[in-house]
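What follows is the content of model.pdb (PDB, C-alpha atoms, pLDDT in the B column).
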MODEL        1
ATOM      1  CA  MET S  81     -84.963-290.177 -82.782  1.00 46.00           C
ATOM      2  CA  PHE S  82     -82.851-287.127 -82.236  1.00 50.00           C
ATOM      3  CA  SER S  83     -79.844-289.161 -82.875  1.00 49.00           C
ATOM      4  CA  TYR S  84     -80.761-289.265 -86.549  1.00 49.00           C
ATOM      5  CA  SER S  85     -80.968-285.529 -86.730  1.00 49.00           C
ATOM      6  CA  VAL S  86     -77.672-284.957 -85.060  1.00 50.00           C
ATOM      7  CA  VAL S  87     -75.674-287.732 -86.693  1.00 50.00           C
ATOM      8  CA  GLY S  88     -77.103-287.788 -90.106  1.00 51.00           C
ATOM      9  CA  ALA S  89     -78.168-284.206 -90.153  1.00 50.00           C
ATOM     10  CA  GLN S  90     -81.389-285.140 -91.782  1.00 63.00           C
ATOM     11  CA  LEU S  91     -84.798-284.204 -90.661  1.00 66.00           C
ATOM     12  CA  TYR S  92     -87.574-286.678 -90.547  1.00 81.00           C
ATOM     13  CA  VAL S  93     -90.840-284.840 -90.823  1.00 85.00           C
ATOM     14  CA  GLY S  94     -92.935-287.884 -89.886  1.00 85.00           C
ATOM     15  CA  ASP S  95     -91.095-288.405 -86.641  1.00 88.00           C
ATOM     16  CA  MET S  96     -91.284-284.755 -85.861  1.00 89.00           C
ATOM     17  CA  LEU S  97     -94.979-284.670 -86.562  1.00 91.00           C
ATOM     18  CA  PHE S  98     -95.527-287.742 -84.380  1.00 93.00           C
ATOM     19  CA  VAL S  99     -93.549-286.202 -81.488  1.00 92.00           C
ATOM     20  CA  MET S 100     -95.504-282.953 -81.787  1.00 94.00           C
ATOM     21  CA  ILE S 101     -98.884-284.672 -81.808  1.00 96.00           C
ATOM     22  CA  THR S 102     -97.894-286.884 -78.893  1.00 96.00           C
ATOM     23  CA  PHE S 103     -96.645-283.836 -77.003  1.00 96.00           C
ATOM     24  CA  LEU S 104     -99.917-281.975 -77.630  1.00 96.00           C
ATOM     25  CA  VAL S 105    -102.019-284.999 -76.590  1.00 95.00           C
ATOM     26  CA  LEU S 106     -99.894-285.416 -73.490  1.00 93.00           C
ATOM     27  CA  MET S 107    -100.317-281.693 -72.619  1.00 90.00           C
ATOM     28  CA  TRP S 108    -104.078-281.986 -73.167  1.00 90.00           C
ATOM     29  CA  LEU S 109    -104.282-285.037 -70.859  1.00 89.00           C
ATOM     30  CA  ILE S 110    -102.192-283.278 -68.252  1.00 88.00           C
ATOM     31  CA  LYS S 111    -104.522-280.275 -68.505  1.00 84.00           C
ATOM     32  CA  ILE S 112    -107.618-282.438 -67.990  1.00 84.00           C
ATOM     33  CA  VAL S 113    -106.268-284.834 -65.386  1.00 86.00           C
ATOM     34  CA  ALA S 114    -103.680-282.863 -63.405  1.00 84.00           C
ATOM     35  CA  TRP S 115    -103.860-279.149 -64.191  1.00 83.00           C
ATOM     36  CA  LYS S 116    -107.475-278.485 -63.181  1.00 82.00           C
ATOM     37  CA  PRO S 117    -107.198-280.219 -59.767  1.00 83.00           C
ATOM     38  CA  VAL S 118    -103.824-278.542 -59.086  1.00 86.00           C
ATOM     39  CA  THR S 119    -105.243-275.137 -60.128  1.00 87.00           C
ATOM     40  CA  LYS S 120    -108.364-275.708 -58.017  1.00 89.00           C
ATOM     41  CA  MET S 121    -106.226-276.745 -55.043  1.00 90.00           C
ATOM     42  CA  MET S 122    -104.034-273.655 -55.444  1.00 92.00           C
ATOM     43  CA  GLN S 123    -107.098-271.407 -55.762  1.00 94.00           C
ATOM     44  CA  ASP S 124    -108.660-272.953 -52.662  1.00 94.00           C
ATOM     45  CA  ARG S 125    -105.414-272.458 -50.764  1.00 95.00           C
ATOM     46  CA  SER S 126    -105.202-268.862 -51.993  1.00 94.00           C
ATOM     47  CA  ASP S 127    -108.805-268.218 -50.900  1.00 95.00           C
ATOM     48  CA  LYS S 128    -108.094-269.742 -47.493  1.00 95.00           C
ATOM     49  CA  ILE S 129    -104.998-267.568 -47.030  1.00 96.00           C
ATOM     50  CA  VAL S 130    -106.942-264.446 -48.043  1.00 94.00           C
ATOM     51  CA  ASN S 131    -109.748-265.363 -45.615  1.00 95.00           C
ATOM     52  CA  ASP S 132    -107.229-266.020 -42.848  1.00 94.00           C
ATOM     53  CA  ILE S 133    -105.567-262.656 -43.479  1.00 95.00           C
ATOM     54  CA  ASP S 134    -108.942-260.871 -43.481  1.00 93.00           C
ATOM     55  CA  SER S 135    -109.939-262.699 -40.316  1.00 94.00           C
ATOM     56  CA  ALA S 136    -106.633-261.764 -38.673  1.00 93.00           C
ATOM     57  CA  LYS S 137    -107.145-258.115 -39.647  1.00 94.00           C
ATOM     58  CA  GLU S 138    -110.657-258.151 -38.181  1.00 94.00           C
ATOM     59  CA  SER S 139    -109.395-259.793 -35.009  1.00 94.00           C
ATOM     60  CA  ARG S 140    -106.596-257.254 -34.715  1.00 94.00           C
ATOM     61  CA  THR S 141    -109.063-254.397 -35.271  1.00 95.00           C
ATOM     62  CA  LYS S 142    -111.467-255.793 -32.679  1.00 95.00           C
ATOM     63  CA  ALA S 143    -108.626-256.302 -30.228  1.00 95.00           C
ATOM     64  CA  ALA S 144    -107.467-252.718 -30.733  1.00 94.00           C
ATOM     65  CA  GLU S 145    -111.024-251.442 -30.197  1.00 95.00           C
ATOM     66  CA  LEU S 146    -111.383-253.516 -27.039  1.00 95.00           C
ATOM     67  CA  ALA S 147    -108.034-252.257 -25.784  1.00 94.00           C
ATOM     68  CA  GLN S 148    -109.157-248.671 -26.387  1.00 95.00           C
ATOM     69  CA  LYS S 149    -112.459-249.319 -24.601  1.00 95.00           C
ATOM     70  CA  ARG S 150    -110.654-250.916 -21.657  1.00 95.00           C
ATOM     71  CA  GLN S 151    -108.229-248.017 -21.488  1.00 95.00           C
ATOM     72  CA  ALA S 152    -111.092-245.508 -21.609  1.00 95.00           C
ATOM     73  CA  GLU S 153    -112.932-247.380 -18.861  1.00 95.00           C
ATOM     74  CA  LEU S 154    -109.743-247.605 -16.820  1.00 95.00           C
ATOM     75  CA  ASP S 155    -109.187-243.858 -17.208  1.00 94.00           C
ATOM     76  CA  LYS S 156    -112.797-243.201 -16.238  1.00 95.00           C
ATOM     77  CA  THR S 157    -112.461-245.472 -13.224  1.00 95.00           C
ATOM     78  CA  ARG S 158    -109.281-243.689 -12.165  1.00 94.00           C
ATOM     79  CA  ASP S 159    -111.019-240.328 -12.524  1.00 94.00           C
ATOM     80  CA  ASP S 160    -113.988-241.583 -10.505  1.00 94.00           C
ATOM     81  CA  ALA S 161    -111.706-242.966  -7.810  1.00 94.00           C
ATOM     82  CA  SER S 162    -109.783-239.703  -7.712  1.00 94.00           C
ATOM     83  CA  GLY S 163    -113.055-237.776  -7.378  1.00 93.00           C
ATOM     84  CA  ILE S 164    -114.236-240.048  -4.583  1.00 95.00           C
ATOM     85  CA  ILE S 165    -110.935-239.634  -2.753  1.00 95.00           C
ATOM     86  CA  ASN S 166    -111.059-235.853  -3.161  1.00 94.00           C
ATOM     87  CA  ASN S 167    -114.650-235.763  -1.901  1.00 94.00           C
ATOM     88  CA  ALA S 168    -113.702-237.912   1.072  1.00 93.00           C
ATOM     89  CA  LYS S 169    -110.763-235.605   1.836  1.00 93.00           C
ATOM     90  CA  GLN S 170    -113.007-232.540   1.625  1.00 94.00           C
ATOM     91  CA  ASN S 171    -115.663-234.165   3.806  1.00 94.00           C
ATOM     92  CA  GLY S 172    -113.006-235.184   6.312  1.00 93.00           C
ATOM     93  CA  GLN S 173    -111.604-231.652   6.354  1.00 94.00           C
ATOM     94  CA  ARG S 174    -115.088-230.202   6.903  1.00 94.00           C
ATOM     95  CA  GLN S 175    -115.798-232.685   9.678  1.00 94.00           C
ATOM     96  CA  ARG S 176    -112.450-231.917  11.299  1.00 94.00           C
ATOM     97  CA  GLU S 177    -113.171-228.194  11.158  1.00 94.00           C
ATOM     98  CA  GLN S 178    -116.668-228.758  12.557  1.00 94.00           C
ATOM     99  CA  ILE S 179    -115.325-230.931  15.387  1.00 95.00           C
ATOM    100  CA  VAL S 180    -112.648-228.358  16.227  1.00 94.00           C
ATOM    101  CA  GLU S 181    -115.241-225.563  16.154  1.00 94.00           C
ATOM    102  CA  ASP S 182    -117.618-227.580  18.360  1.00 93.00           C
ATOM    103  CA  ALA S 183    -114.786-228.336  20.784  1.00 93.00           C
ATOM    104  CA  ARG S 184    -113.789-224.675  20.930  1.00 93.00           C
ATOM    105  CA  SER S 185    -117.404-223.690  21.539  1.00 93.00           C
ATOM    106  CA  GLU S 186    -117.756-226.288  24.267  1.00 93.00           C
ATOM    107  CA  VAL S 187    -114.492-225.170  25.882  1.00 93.00           C
ATOM    108  CA  SER S 188    -115.667-221.580  25.738  1.00 93.00           C
ATOM    109  CA  ASN S 189    -119.000-222.534  27.320  1.00 93.00           C
ATOM    110  CA  LEU S 190    -117.258-224.588  30.011  1.00 92.00           C
ATOM    111  CA  LYS S 191    -114.840-221.747  30.712  1.00 92.00           C
ATOM    112  CA  SER S 192    -117.681-219.257  30.922  1.00 93.00           C
ATOM    113  CA  SER S 193    -119.651-221.583  33.187  1.00 92.00           C
ATOM    114  CA  ALA S 194    -116.605-222.170  35.397  1.00 91.00           C
ATOM    115  CA  GLU S 195    -115.968-218.441  35.618  1.00 92.00           C
ATOM    116  CA  LYS S 196    -119.596-217.866  36.620  1.00 92.00           C
ATOM    117  CA  ASP S 197    -119.372-220.639  39.232  1.00 92.00           C
ATOM    118  CA  ILE S 198    -116.119-219.200  40.590  1.00 93.00           C
ATOM    119  CA  GLU S 199    -117.590-215.725  40.744  1.00 91.00           C
ATOM    120  CA  GLN S 200    -120.746-217.042  42.437  1.00 92.00           C
ATOM    121  CA  GLN S 201    -118.696-218.969  44.995  1.00 91.00           C
ATOM    122  CA  ARG S 202    -116.515-215.919  45.588  1.00 86.00           C
ATOM    123  CA  GLN S 203    -119.611-213.774  46.109  1.00 87.00           C
ATOM    124  CA  GLU S 204    -121.070-216.404  48.461  1.00 88.00           C
ATOM    125  CA  ALA S 205    -117.765-216.575  50.351  1.00 85.00           C
ATOM    126  CA  LEU S 206    -117.702-212.770  50.640  1.00 78.00           C
ATOM    127  CA  ALA S 207    -121.316-212.723  51.811  1.00 78.00           C
ATOM    128  CA  ASN S 208    -120.609-215.455  54.357  1.00 82.00           C
ATOM    129  CA  SER S 209    -117.511-213.584  55.508  1.00 77.00           C
ATOM    130  CA  ARG S 210    -119.564-210.417  55.931  1.00 72.00           C
ATOM    131  CA  LYS S 211    -122.201-212.309  57.870  1.00 76.00           C
ATOM    132  CA  ASP S 212    -119.537-213.937  60.006  1.00 77.00           C
ATOM    133  CA  VAL S 213    -117.768-210.629  60.600  1.00 72.00           C
ATOM    134  CA  ALA S 214    -121.065-208.924  61.360  1.00 67.00           C
ATOM    135  CA  SER S 215    -122.194-211.652  63.743  1.00 75.00           C
ATOM    136  CA  LEU S 216    -118.747-211.719  65.324  1.00 74.00           C
ATOM    137  CA  SER S 217    -118.816-207.975  65.767  1.00 72.00           C
ATOM    138  CA  ILE S 218    -122.289-208.111  67.279  1.00 72.00           C
ATOM    139  CA  GLU S 219    -121.342-210.943  69.561  1.00 74.00           C
ATOM    140  CA  ILE S 220    -118.131-209.238  70.652  1.00 72.00           C
ATOM    141  CA  ALA S 221    -119.955-205.978  71.166  1.00 72.00           C
ATOM    142  CA  SER S 222    -122.687-207.689  73.207  1.00 71.00           C
ATOM    143  CA  LYS S 223    -120.126-209.426  75.405  1.00 67.00           C
ATOM    144  CA  ILE S 224    -118.156-206.201  75.813  1.00 65.00           C
ATOM    145  CA  ILE S 225    -121.251-204.326  76.767  1.00 64.00           C
ATOM    146  CA  SER S 226    -122.296-207.023  79.213  1.00 65.00           C
ATOM    147  CA  LYS S 227    -119.003-206.896  81.064  1.00 59.00           C
ATOM    148  CA  GLU S 228    -115.871-204.962  81.106  1.00 60.00           C
ATOM    149  CA  LEU S 229    -113.054-206.937  79.723  1.00 58.00           C
ATOM    150  CA  ASN S 230    -109.450-206.877  80.583  1.00 66.00           C
ATOM    151  CA  GLU S 231    -106.808-208.052  78.183  1.00 70.00           C
ATOM    152  CA  ASP S 232    -107.000-211.709  79.219  1.00 73.00           C
ATOM    153  CA  ASP S 233    -110.795-211.723  79.029  1.00 70.00           C
ATOM    154  CA  GLN S 234    -110.665-210.152  75.567  1.00 68.00           C
ATOM    155  CA  LYS S 235    -108.236-212.850  74.302  1.00 72.00           C
ATOM    156  CA  GLY S 236    -110.393-215.559  75.802  1.00 77.00           C
ATOM    157  CA  LEU S 237    -113.498-214.087  74.193  1.00 71.00           C
ATOM    158  CA  VAL S 238    -111.872-213.995  70.717  1.00 73.00           C
ATOM    159  CA  ASP S 239    -110.518-217.528  71.130  1.00 75.00           C
ATOM    160  CA  SER S 240    -113.899-218.890  72.219  1.00 78.00           C
ATOM    161  CA  TYR S 241    -115.554-217.185  69.265  1.00 73.00           C
ATOM    162  CA  ILE S 242    -112.997-218.661  66.835  1.00 74.00           C
ATOM    163  CA  GLU S 243    -113.576-222.110  68.327  1.00 74.00           C
ATOM    164  CA  GLY S 244    -117.282-221.587  67.926  1.00 72.00           C
ATOM    165  CA  LEU S 245    -116.791-220.767  64.234  1.00 68.00           C
ATOM    166  CA  GLY S 246    -114.722-223.901  63.730  1.00 63.00           C
ATOM    167  CA  LYS S 247    -117.460-226.044  65.293  1.00 66.00           C
ATOM    168  CA  GLN S 248    -120.203-224.424  63.163  1.00 60.00           C
ATOM    169  CA  LYS S 249    -118.519-225.227  59.873  1.00 53.00           C
TER     170      LYS S 249
ENDMDL
END

Full structure transcribed into structure tokens:
Amino acid sequence: MFSYSVVGAQLYVGDMLFVMITFLVLMWLIKIVAWKPVTKMMQDRSDKIVNDIDSAKESRTKAAELAQKRQAELDKTRDDASGIINNAKQNGQRQREQIVEDARSEVSNLKSSAEKDIEQQRQEALANSRKDVASLSIEIASKIISKELNEDDQKGLVDSYIEGLGKQK
């Protein structure tokens, strides 16, 4: 067909008209049979891609929100834990101070009580010593009055009195 136009340099209008009509019919058939399904398939694919992108954006947004919430809760939990630890430290410090104060008070009371006991025992020992000295003096005086003593008798009298004290206690 084209060979005529190139070789003979003549144009055949009938052939050209036939080729044009056939081309147009072929394009119309392609449009009906192939173009609409291909266009529909491409549109469906485009819609799916857009939906997937929107879904991915939503998922990313939700994930970011959840991450922020988790971080906020984690920060709050850390603050709460820090507060609990600080309270425990303060309570421990107060208890330690109270225990030390109680111990000091108890030591002071025990010391005071011990000092009173020591003083009472000292006073009792002094009183007993006075009684012993007084009774010894009376006894010695009564023995001296009852007889005249020489030096040996006096030593014997003191020794017997000392032995008598040892036996009494």

Open item on the list: For a test of reading the model, state the distance in Å between atom CA of S:Glu199 and atom CA of S:Tyr241, rounded to one decimal.
Closed with: 28.6 Å

TODO: Could you check how far atom CA of S:Lys196 sits from atom CA of S:Glu181, in Å to one decimal?
DONE: 22.3 Å

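Going from atom CA of S:Gly236 to atom CA of S:Ile218 covers 16.4 Å.
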